[in-house]
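S.K.: Structure file my_file_15.cif (mmCIF, C-alpha atoms) right here:
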```cif
data_model
loop_
_atom_site.label_atom_id
_atom_site.label_comp_id
_atom_site.auth_asym_id
_atom_site.auth_seq_id
_atom_site.Cartn_x
_atom_site.Cartn_y
_atom_site.Cartn_z
CA MET A 1 53.25 42.29 12.09
CA ASP A 2 53.78 41.00 8.56
CA LYS A 3 53.33 37.46 9.73
CA LYS A 4 50.10 38.32 11.49
CA TYR A 5 48.86 40.07 8.34
CA ILE A 6 49.35 36.91 6.26
CA GLY A 7 47.69 34.92 9.01
CA ASN A 8 44.67 37.20 8.93
CA ILE A 9 44.38 36.86 5.15
CA THR A 10 44.55 33.10 5.45
CA ILE A 11 41.90 33.06 8.14
CA LEU A 12 39.71 35.24 5.93
CA ILE A 13 40.10 32.94 2.92
CA VAL A 14 39.54 29.81 4.96
CA THR A 15 36.48 31.24 6.67
CA ILE A 16 35.10 32.28 3.29
CA ILE A 17 35.47 28.68 2.12
CA THR A 18 33.72 27.52 5.29
CA GLY A 19 30.92 29.99 4.67
CA ILE A 20 30.50 28.80 1.09
CA LEU A 21 30.23 25.21 2.25
CA PHE A 22 27.83 26.36 4.94
CA SER A 23 25.49 28.04 2.51
CA PHE A 24 25.67 25.12 0.11
CA GLN A 25 24.45 22.93 2.91
CA LEU A 26 21.76 25.43 3.87
CA LYS A 27 20.53 25.51 0.28
CA GLN A 28 19.92 21.76 0.37
CA ASP A 29 16.62 22.16 2.24
CA ILE A 30 17.04 19.10 4.37
CA GLU A 31 13.79 18.41 6.15
CA ASP A 32 14.97 15.77 8.56
CA TYR A 33 18.38 14.67 9.60
CA THR A 34 17.95 10.94 9.32
CA LEU A 35 20.95 9.14 7.96
CA VAL A 36 20.44 8.25 4.32
CA SER A 37 22.92 5.48 3.82
CA LEU A 38 24.22 4.36 0.44
CA ASN A 39 22.60 0.98 1.03
CA SER A 40 19.15 2.43 1.43
CA ILE A 41 19.68 4.54 -1.68
CA LYS A 42 20.63 1.40 -3.56
CA MET A 43 17.55 -0.39 -2.27
CA THR A 44 15.30 2.45 -3.27
CA LYS A 45 16.89 2.48 -6.70
CA GLN A 46 16.22 -1.22 -6.99
CA GLU A 47 12.61 -0.64 -6.05
CA ILE A 48 12.25 2.10 -8.61
CA ASN A 49 13.72 -0.17 -11.25
CA ASN A 50 11.24 -2.89 -10.36
CA TYR A 51 8.36 -0.47 -10.67
CA LYS A 52 9.71 0.67 -14.01
CA LYS A 53 9.83 -2.92 -15.20
CA GLU A 54 6.28 -3.42 -14.03
CA ILE A 55 5.18 -0.33 -15.91
CA ILE A 56 6.86 -1.62 -19.07
CA ASN A 57 5.06 -4.94 -18.67
CA LEU A 58 1.73 -3.22 -18.18
CA LYS A 59 2.34 -1.07 -21.23
CA ARG A 60 3.04 -4.20 -23.24
CA LEU A 61 -0.20 -5.69 -21.96
CA ILE A 62 -2.09 -2.59 -23.04
CA GLU A 63 -0.47 -2.87 -26.46
CA GLU A 64 -1.55 -6.51 -26.72
CA LYS A 65 -5.11 -5.73 -25.75
CA LYS A 66 -5.19 -2.87 -28.23
CA ASN A 67 -4.09 -5.28 -30.93
CA GLU A 68 -6.87 -7.64 -29.93
CA ILE A 69 -9.41 -4.85 -30.13
CA ASP A 70 -8.04 -3.90 -33.53
CA ASN A 71 -8.52 -7.46 -34.67
CA TYR A 72 -12.14 -7.36 -33.55
CA HIS A 73 -12.68 -4.09 -35.34
CA LYS A 74 -11.25 -5.52 -38.51
CA ALA A 75 -13.39 -8.60 -38.11
CA ILE A 76 -16.57 -6.56 -37.70
CA ILE A 77 -16.02 -5.03 -41.11
CA ASP A 78 -15.45 -8.44 -42.68
CA LYS A 79 -18.29 -10.71 -41.53
CA ASP A 80 -16.80 -14.03 -42.61
CA SER A 81 -13.65 -13.55 -40.65
CA PHE A 82 -15.70 -12.44 -37.63
CA ALA A 83 -17.35 -15.84 -37.46
CA GLU A 84 -13.95 -17.41 -37.93
CA LEU A 85 -12.53 -15.38 -35.07
CA LEU A 86 -15.37 -16.32 -32.75
CA LYS A 87 -15.03 -19.98 -33.65
CA GLN A 88 -11.34 -19.84 -32.90
CA GLU A 89 -12.04 -18.17 -29.60
CA ILE A 90 -14.64 -20.76 -28.60
CA LYS A 91 -12.15 -23.47 -29.48
CA ASP A 92 -9.48 -21.81 -27.35
CA ILE A 93 -11.81 -21.43 -24.40
CA ARG A 94 -12.99 -25.04 -24.62
CA PHE A 95 -9.35 -26.09 -24.67
CA GLU A 96 -8.51 -23.94 -21.70
CA ILE A 97 -11.35 -25.15 -19.47
CA GLY A 98 -10.81 -28.81 -20.29
CA LEU A 99 -13.51 -29.64 -22.80
CA GLU A 100 -11.01 -30.85 -25.39
CA ASP A 101 -8.82 -33.93 -25.47
CA VAL A 102 -5.19 -33.03 -25.01
CA GLN A 103 -1.88 -34.80 -25.35
CA GLY A 104 1.70 -33.97 -24.59
CA PRO A 105 4.69 -34.92 -22.45
CA GLY A 106 4.13 -35.57 -18.77
CA ILE A 107 4.03 -38.26 -16.11
CA ILE A 108 1.81 -41.17 -15.19
CA ILE A 109 1.46 -41.97 -11.49
CA LYS A 110 0.00 -45.24 -10.35
CA ILE A 111 -0.98 -45.22 -6.69
CA GLU A 112 -2.25 -48.29 -4.86
CA ASP A 113 -3.06 -49.45 -1.33
CA ASN A 114 -0.42 -51.20 0.71
CA ASN A 115 -1.49 -54.83 0.71
CA LYS A 116 0.63 -56.12 3.55
CA GLU A 117 -0.93 -57.78 6.56
CA VAL A 118 -1.83 -55.39 9.32
CA SER A 119 -0.06 -56.45 12.47
CA TYR A 120 -1.48 -55.76 15.90
CA GLY A 121 -1.35 -52.12 16.97
CA GLU A 122 -0.98 -50.75 13.49
CA ASN A 123 -3.45 -48.35 12.01
CA VAL A 124 -4.92 -49.74 8.84
CA ASN A 125 -5.65 -46.21 7.64
CA TYR A 126 -1.98 -45.66 6.95
CA ASP A 127 -2.02 -48.47 4.40
CA LEU A 128 -4.90 -47.07 2.36
CA VAL A 129 -4.96 -44.35 -0.25
CA HIS A 130 -7.33 -41.66 0.88
CA ASP A 131 -9.02 -38.86 -0.95
CA LEU A 132 -6.77 -36.37 0.82
CA ASP A 133 -3.63 -38.15 -0.38
CA VAL A 134 -4.81 -37.90 -3.97
CA LEU A 135 -5.85 -34.30 -3.43
CA LYS A 136 -2.41 -33.43 -2.10
CA LEU A 137 -0.71 -35.09 -5.04
CA ILE A 138 -2.95 -33.19 -7.46
CA ASN A 139 -2.14 -29.99 -5.64
CA ASP A 140 1.58 -30.71 -5.88
CA LEU A 141 1.23 -31.38 -9.59
CA ASN A 142 -0.64 -28.13 -10.09
CA ALA A 143 2.03 -26.28 -8.16
CA ALA A 144 4.66 -27.84 -10.43
CA GLY A 145 2.90 -26.39 -13.45
CA ALA A 146 0.74 -29.27 -14.66
CA GLU A 147 -1.43 -28.14 -17.56
CA ALA A 148 -3.92 -31.01 -17.63
CA ILE A 149 -4.58 -33.72 -15.04
CA SER A 150 -6.81 -36.76 -15.02
CA ILE A 151 -7.51 -39.48 -12.47
CA ASN A 152 -8.59 -42.80 -13.94
CA GLY A 153 -9.73 -40.96 -17.03
CA GLN A 154 -11.64 -38.26 -15.15
CA ARG A 155 -10.37 -34.86 -16.20
CA ILE A 156 -9.68 -32.55 -13.28
CA LEU A 157 -11.33 -29.18 -13.80
CA SER A 158 -11.32 -26.18 -11.54
CA ARG A 159 -14.64 -27.40 -10.10
CA SER A 160 -13.68 -31.06 -9.78
CA GLU A 161 -14.08 -32.57 -6.35
CA ILE A 162 -11.98 -35.34 -4.88
CA LYS A 163 -14.01 -36.86 -2.12
CA CYS A 164 -13.95 -39.90 0.09
CA GLY A 165 -16.57 -42.51 -0.66
CA GLY A 166 -15.57 -45.30 1.69
CA PRO A 167 -13.22 -47.69 -0.12
CA ILE A 168 -13.44 -45.54 -3.24
CA ILE A 169 -13.08 -41.87 -4.07
CA THR A 170 -15.37 -39.77 -6.19
CA VAL A 171 -14.06 -37.40 -8.83
CA ASN A 172 -16.45 -35.38 -10.97
CA LYS A 173 -19.21 -37.35 -9.18
CA GLN A 174 -17.85 -40.55 -10.70
CA ARG A 175 -16.79 -43.35 -8.38
CA LEU A 176 -13.21 -44.44 -8.82
CA ALA A 177 -11.58 -47.43 -7.19
CA PRO A 178 -7.91 -47.97 -6.52
CA PRO A 179 -5.46 -48.32 -8.11
CA PHE A 180 -5.62 -44.70 -9.17
CA VAL A 181 -3.80 -43.69 -12.28
CA ILE A 182 -3.04 -39.99 -12.30
CA LYS A 183 -1.93 -38.54 -15.61
CA ALA A 184 -0.50 -35.07 -15.82
CA ILE A 185 0.79 -33.08 -18.76
CA GLY A 186 3.52 -30.56 -18.06
CA ASP A 187 7.29 -30.37 -17.76
CA PRO A 188 8.03 -34.05 -16.99
CA LYS A 189 11.08 -33.32 -14.86
CA LEU A 190 9.25 -30.81 -12.69
CA LEU A 191 6.23 -33.05 -12.28
CA TYR A 192 8.42 -36.03 -11.45
CA ALA A 193 10.24 -33.99 -8.84
CA ALA A 194 6.96 -32.77 -7.37
CA ILE A 195 6.02 -36.37 -6.57
CA ASN A 196 9.40 -37.95 -5.78
CA ALA A 197 11.58 -35.27 -4.26
CA PRO A 198 12.35 -35.71 -0.54
CA ASN A 199 9.70 -34.37 1.83
CA THR A 200 7.00 -34.02 -0.78
CA ASN A 201 3.63 -35.58 -0.10
CA GLY A 202 4.36 -38.32 -2.62
CA TYR A 203 7.66 -39.13 -0.93
CA ILE A 204 5.98 -39.38 2.48
CA LEU A 205 3.30 -41.68 1.09
CA LYS A 206 5.93 -43.87 -0.47
CA GLU A 207 8.66 -43.99 2.16
CA ILE A 208 6.75 -43.64 5.41
CA ARG A 209 3.39 -45.18 4.69
CA ASN A 210 4.71 -47.70 2.16
CA ILE A 211 1.93 -47.00 -0.28
CA LYS A 212 2.74 -48.23 -3.74
CA ILE A 213 3.45 -45.26 -5.97
CA GLN A 214 4.95 -45.75 -9.38
CA THR A 215 5.90 -42.71 -11.41
CA LYS A 216 6.61 -42.99 -15.09
CA ILE A 217 7.73 -40.25 -17.43
CA SER A 218 6.16 -40.39 -20.85
CA ASP A 219 6.67 -38.34 -23.98
CA ASN A 220 3.11 -38.56 -25.09
CA ILE A 221 0.20 -38.75 -22.70
CA PHE A 222 -3.39 -38.63 -23.77
CA ILE A 223 -5.80 -36.93 -21.40
CA PRO A 224 -9.47 -37.09 -22.28
CA ARG A 225 -11.86 -34.18 -22.14
CA TYR A 226 -14.39 -33.67 -19.40
CA TRP A 227 -17.60 -35.51 -20.28
CA GLY A 228 -20.26 -33.68 -18.43
CA ASN A 229 -22.26 -30.54 -18.27
CA ILE A 230 -20.83 -27.49 -16.62
CA THR A 231 -23.86 -25.83 -15.13
CA PHE A 232 -24.20 -22.65 -13.15
CA ASN A 233 -27.30 -22.30 -10.98
CA GLN A 234 -26.32 -19.48 -8.69
CA ALA A 235 -23.43 -17.66 -10.31
CA LYS A 236 -24.34 -15.10 -12.90
CA PRO A 237 -21.94 -13.20 -15.11
CA ILE A 238 -21.55 -9.50 -14.52
CA GLU A 239 -22.40 -7.60 -17.67
CA GLU A 240 -19.77 -5.11 -18.66
CA GLY A 241 -20.75 -1.53 -18.26
CA GLU A 242 -23.42 -2.17 -15.64
CA MET B 243 37.68 36.95 15.54
CA ILE B 244 35.87 39.71 13.69
CA LEU B 245 37.81 38.79 10.60
CA ALA B 246 36.56 35.21 10.86
CA LEU B 247 32.95 36.35 11.25
CA ILE B 248 33.30 38.65 8.23
CA GLY B 249 34.84 35.81 6.26
CA ILE B 250 32.01 33.41 7.06
CA LEU B 251 29.41 36.02 6.16
CA ILE B 252 31.12 36.76 2.82
CA GLY B 253 31.37 33.03 2.20
CA ILE B 254 27.67 32.49 2.90
CA LEU B 255 26.75 35.33 0.54
CA ILE B 256 29.01 33.96 -2.20
CA GLY B 257 27.69 30.44 -1.63
CA PHE B 258 24.09 31.55 -2.00
CA TYR B 259 24.80 33.22 -5.30
CA ILE B 260 26.90 30.43 -6.81
CA PRO B 261 24.48 28.02 -8.50
CA VAL B 262 26.11 24.83 -7.28
CA THR B 263 24.12 21.98 -5.82
CA TYR B 264 25.03 18.42 -5.04
CA SER B 265 23.12 15.23 -4.45
CA THR B 266 21.30 15.07 -1.12
CA SER B 267 23.04 11.78 -0.44
CA TYR B 268 26.30 13.66 0.08
CA SER B 269 24.88 16.20 2.52
CA LEU B 270 25.90 14.08 5.49
CA TYR B 271 29.54 14.15 4.44
CA ILE B 272 29.45 17.86 3.71
CA SER B 273 27.91 18.61 7.10
CA VAL B 274 30.64 16.65 8.88
CA ALA B 275 33.24 18.45 6.75
CA ILE B 276 31.70 21.80 7.72
CA LEU B 277 32.07 20.88 11.37
CA ALA B 278 35.74 20.06 10.79
CA CYS B 279 36.22 23.39 9.00
CA LEU B 280 34.61 25.31 11.84
CA ASP B 281 36.86 23.50 14.27
CA SER B 282 39.92 24.52 12.25
CA VAL B 283 38.73 28.11 12.05
CA PHE B 284 38.30 28.33 15.82
CA GLY B 285 41.68 26.69 16.28
CA GLY B 286 43.20 29.27 13.96
CA ILE B 287 41.61 32.17 15.82
CA ARG B 288 42.83 30.81 19.12
CA ALA B 289 46.36 30.35 17.81
CA ASN B 290 46.25 33.83 16.38
CA LEU B 291 45.30 35.24 19.76
CA GLU B 292 47.97 33.18 21.48
CA GLN B 293 50.55 34.55 19.03
CA ASN B 294 51.69 31.11 17.90
CA PHE B 295 49.82 30.97 14.62
CA ASP B 296 51.39 28.84 11.85
CA ILE B 297 49.87 29.09 8.38
CA ARG B 298 51.07 25.62 7.34
CA ILE B 299 49.48 23.95 10.35
CA PHE B 300 46.33 25.97 9.91
CA VAL B 301 45.82 25.28 6.18
CA THR B 302 46.75 21.59 6.34
CA GLY B 303 44.54 21.21 9.40
CA PHE B 304 41.64 22.90 7.66
CA PHE B 305 41.67 20.77 4.53
CA GLY B 306 42.96 17.61 6.19
CA ASN B 307 40.33 17.62 8.91
CA ALA B 308 37.52 18.29 6.46
CA ILE B 309 38.60 15.54 4.08
CA LEU B 310 39.26 13.07 6.89
CA ALA B 311 35.88 13.77 8.50
CA ALA B 312 34.02 13.27 5.22
CA LEU B 313 36.05 10.15 4.50
CA LEU B 314 35.34 8.78 7.97
CA ALA B 315 31.62 9.33 7.48
CA TYR B 316 31.79 7.60 4.12
CA ILE B 317 33.74 4.60 5.44
CA GLY B 318 31.37 4.33 8.38
CA ASP B 319 28.47 4.35 5.97
CA ARG B 320 29.99 1.52 3.98
CA LEU B 321 30.80 -0.53 7.08
CA GLY B 322 27.41 0.08 8.66
CA VAL B 323 29.03 1.79 11.68
CA PRO B 324 28.05 5.42 12.21
CA LEU B 325 31.69 6.57 12.31
CA TYR B 326 30.68 10.17 11.64
CA TYR B 327 29.69 10.32 15.29
CA ALA B 328 33.40 10.11 16.08
CA ALA B 329 34.06 13.17 13.93
CA ILE B 330 31.11 15.04 15.45
CA PHE B 331 32.23 14.32 19.02
CA ALA B 332 35.90 15.07 18.39
CA PHE B 333 35.39 18.29 16.48
CA GLY B 334 32.43 19.37 18.59
CA SER B 335 34.30 19.06 21.89
CA ARG B 336 37.41 20.73 20.44
CA LEU B 337 35.28 23.51 19.05
CA PHE B 338 33.90 24.31 22.49
CA GLN B 339 37.33 23.98 24.06
CA ASN B 340 38.84 26.41 21.58
CA PHE B 341 35.95 28.79 22.09
CA ALA B 342 36.44 28.66 25.87
CA ILE B 343 40.13 29.54 25.51
CA ILE B 344 39.32 32.37 23.06
CA ARG B 345 36.78 33.71 25.55
CA ARG B 346 39.30 33.67 28.39
CA ILE B 347 41.95 35.41 26.31
CA LEU B 348 39.52 38.10 25.18
CA ILE B 349 38.10 38.70 28.68
CA ASN B 350 41.52 38.83 30.35
CA ARG B 351 42.80 41.32 27.82
#
```
Mind converting the file's structure to C-alpha cells?
M.R.:
Amino acid sequence: MDKKYIGNITILIVTIITGILFSFQLKQDIEDYTLVSLNSIKMTKQEINNYKKEIINLKRLIEEKKNEIDNYHKAIIDKDSFAELLKQEIKDIRFEIGLEDVQGPGIIIKIEDNNKEVSYGENVNYDLVHDLDVLKLINDLNAAGAEAISINGQRILSRSEIKCGGPIITVNKQRLAPPFVIKAIGDPKLLYAAINAPNTNGYILKEIRNIKIQTKISDNIFIPRYWGNITFNQAKPIEEGE
Amino acid sequence: MILALIGILIGILIGFYIPVTYSTSYSLYISVAILACLDSVFGGIRANLEQNFDIRIFVTGFFGNAILAALLAYIGDRLGVPLYYAAIFAFGSRLFQNFAIIRRILINR
C-alpha cells in the first residue's frame, strides 16, 4: 500500500511535468507542422543579413546624395562657386562619356590577318580578322573592366559601332584597315587574361585560327578622345517632375 | 489512470500560467519529447495496474526517453535524416499498445 502510494505521487508529478510541456507547446501557436531545420534557419539568417547589408548600402547612398544636394545648396548662395561646380561637373561628364583624352596603365593588342597561303579545301574566312572578332575582343575587355578602349585611334563609346566593310571594318563611321591596334586602359593583368586565358575569344583566334595577335602590357597608354558630334534625333530627355 | 489525467490537467494549467516561451525552432524537439513523456506515463499506469510498478524504472524511463527522443530529432536534423520519425513510430506504437493493455485490465476487472 505504501509502495503504491509513492508510485501514485510519482505518476502525479511526472504527469504534471508532461502537462506543463504540453501547454508550453500549445502556447507556441504553430500554424503548420513543416519541419524547420537548423539549415533552413541558417539560410534565412544569411538572407536577412544580406538584406541588412543592402539597406546599409542604400542608406549610405542616400547620405551621399544628401551631401551632394547640400553642396548645390551652398553653391546657390555663393554664385562664383556655383559656376565652378557646374564646370567641374561638365568636365566629369565629358570625361565619363569619352570626350576627353585619357591615359593610364593597360594593354595594347595588335591583331592582324593570317598571311599564310590558303591550301585547297580551307576556308579563307578563318584567316581574316572580322568585325565580329574585334567586337568579341572589345566585349571581353569591357567585361574585364576596361575603362577606355580605342581601335586604331577611334575611341569606343557606348554608341560606337563595329561593322564589316568588306576588307575593312568601320568604327565610329570611320574606315579602319588591318592591322587593328586595340588599346585598353584598365587593370593590365585582368585585361591581359581576358585576351590570352584559355578558351577566351582571343585564345581561340590565336591558337585555332592562327590569327596574329600580339598583346603588350604598358604602364602608360594614351587613348584619344572621340572626335565627332554626339547627336540625338529621336531620344529626348525626360524632364524631372513631369 | 484518473490520477494521471488529473496530473496532466494540473500541468497544463500551470504551464499556461508560467510565462515561459522558447524559440519556435525547438518546438519539433519538444513535441517529440512530449510524445516520449506520454509513452512513459502510459507505461507507468499500465505497470501500476499490473502491480509491478518500479519508481526507478519509471522516472529514468520518463526523463531518459524524453531526452533521447529530443536528441534523436536533433541529430537527425543535423544529418539531414528525419530521425524523429523513429521516435514518433516507436513511442506512438508503444503508446497504443500500453493503452490496449490498460483497457483490457480495466474491462476485465
S.K.: Determine the nearest neighbour of chain B from the options A:Lys116, A:Lys236, A:Lys42, A:Lys216, counting all atoms listed in the file.
M.R.: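 Among the listed residues, the smallest separation from chain B belongs to A:Lys42.
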S.K.: If we count all atoms listed in the file, which residues of chain A reach to within 6 Å of chain B? Please list them as a list in words.
M.R.: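 That gives the following set of residues: Leu12, Thr15, Ile16, Ile17, Gly19, Ile20, Ser23 and Phe24 of chain A.
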S.K.: Starting from the displayed file, determine the output of the PyMOL selection byres ((chain B and resi 331-337) around 8) and express the residue list as a list in words.
M.R.: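 So the PyMOL selection byres ((chain B and resi 331-337) around 8), applied here, picks out Leu277, Ala278, Leu280, Asp281, Phe284, Gly285, Tyr327, Ala328, Ala329, Ile330, Phe338, Gln339, Asn340 and Phe341 of chain B.
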S.K.: Can you tell me how far atom CA of A:Gly106 sits from atom CA of A:Leu191, in Å to one decimal?
M.R.: 7.3 Å
S.K.: In Å, how far is it from atom CA of A:Ile55 to atom CA of A:Met43?
M.R.: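 We find that atom CA of A:Ile55 and atom CA of A:Met43 lie 18.4 Å from each other.
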S.K.: List the spatial neighbours of stretch 154-162 of chain A as a ChimeraX atom specification - criterion: any atom at most 12 Å away, all atoms listed in the file, same-chain residues fewer than 2 positions off excluded.
M.R.: /A:94-102,130-139,141-142,146-152,164-165,168-176,180-185,222-232
S.K.: To verify the selection step, state as a VMD selection string which residues the PyMOL selection byres ((chain A and resi 203-209) around 12) yields on this input.
M.R.: chain A and resid 110 to 116 122 to 130 132 to 134 136 to 137 140 192 to 202 210 to 215
S.K.: Using atom CA of A:Pro178 and atom CA of A:Gly166 as the two end points, give the distance in Å to one decimal.
M.R.: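 One can read the atom CA of A:Pro178 to atom CA of A:Gly166 distance as 11.5 Å.
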S.K.: Output stretch 323-336 of chain B as a short mmCIF file (atom, residue, chain, number, x, y, z; two decimals), keeping the file's coordinate frame, making sure N, CA and C atoms are there.
M.R.:
```
data_model
loop_
_atom_site.label_atom_id
_atom_site.label_comp_id
_atom_site.auth_asym_id
_atom_site.auth_seq_id
_atom_site.Cartn_x
_atom_site.Cartn_y
_atom_site.Cartn_z
N VAL B 323 28.78 1.21 10.35
CA VAL B 323 29.03 1.79 11.68
C VAL B 323 28.95 3.31 11.54
N PRO B 324 28.15 3.96 12.35
CA PRO B 324 28.05 5.42 12.21
C PRO B 324 29.32 6.13 12.70
N LEU B 325 30.39 6.01 11.91
CA LEU B 325 31.69 6.57 12.31
C LEU B 325 31.67 8.09 12.34
N TYR B 326 30.70 8.71 11.66
CA TYR B 326 30.68 10.17 11.64
C TYR B 326 30.41 10.74 13.02
N TYR B 327 29.85 9.89 13.91
CA TYR B 327 29.69 10.32 15.29
C TYR B 327 31.04 10.68 15.90
N ALA B 328 32.05 9.86 15.56
CA ALA B 328 33.40 10.11 16.08
C ALA B 328 33.85 11.51 15.68
N ALA B 329 33.66 11.85 14.41
CA ALA B 329 34.06 13.17 13.93
C ALA B 329 33.27 14.25 14.65
N ILE B 330 31.95 14.03 14.81
CA ILE B 330 31.11 15.04 15.45
C ILE B 330 31.56 15.27 16.89
N PHE B 331 31.81 14.17 17.63
CA PHE B 331 32.23 14.32 19.02
C PHE B 331 33.58 15.03 19.11
N ALA B 332 34.54 14.52 18.31
CA ALA B 332 35.90 15.07 18.39
C ALA B 332 35.90 16.55 18.05
N PHE B 333 35.34 16.90 16.92
CA PHE B 333 35.39 18.29 16.48
C PHE B 333 34.49 19.16 17.34
N GLY B 334 33.34 18.60 17.75
CA GLY B 334 32.43 19.37 18.59
C GLY B 334 33.08 19.75 19.91
N SER B 335 33.70 18.76 20.58
CA SER B 335 34.30 19.06 21.89
C SER B 335 35.47 20.02 21.73
N ARG B 336 36.26 19.83 20.65
CA ARG B 336 37.41 20.73 20.44
C ARG B 336 36.94 22.14 20.13
#
```
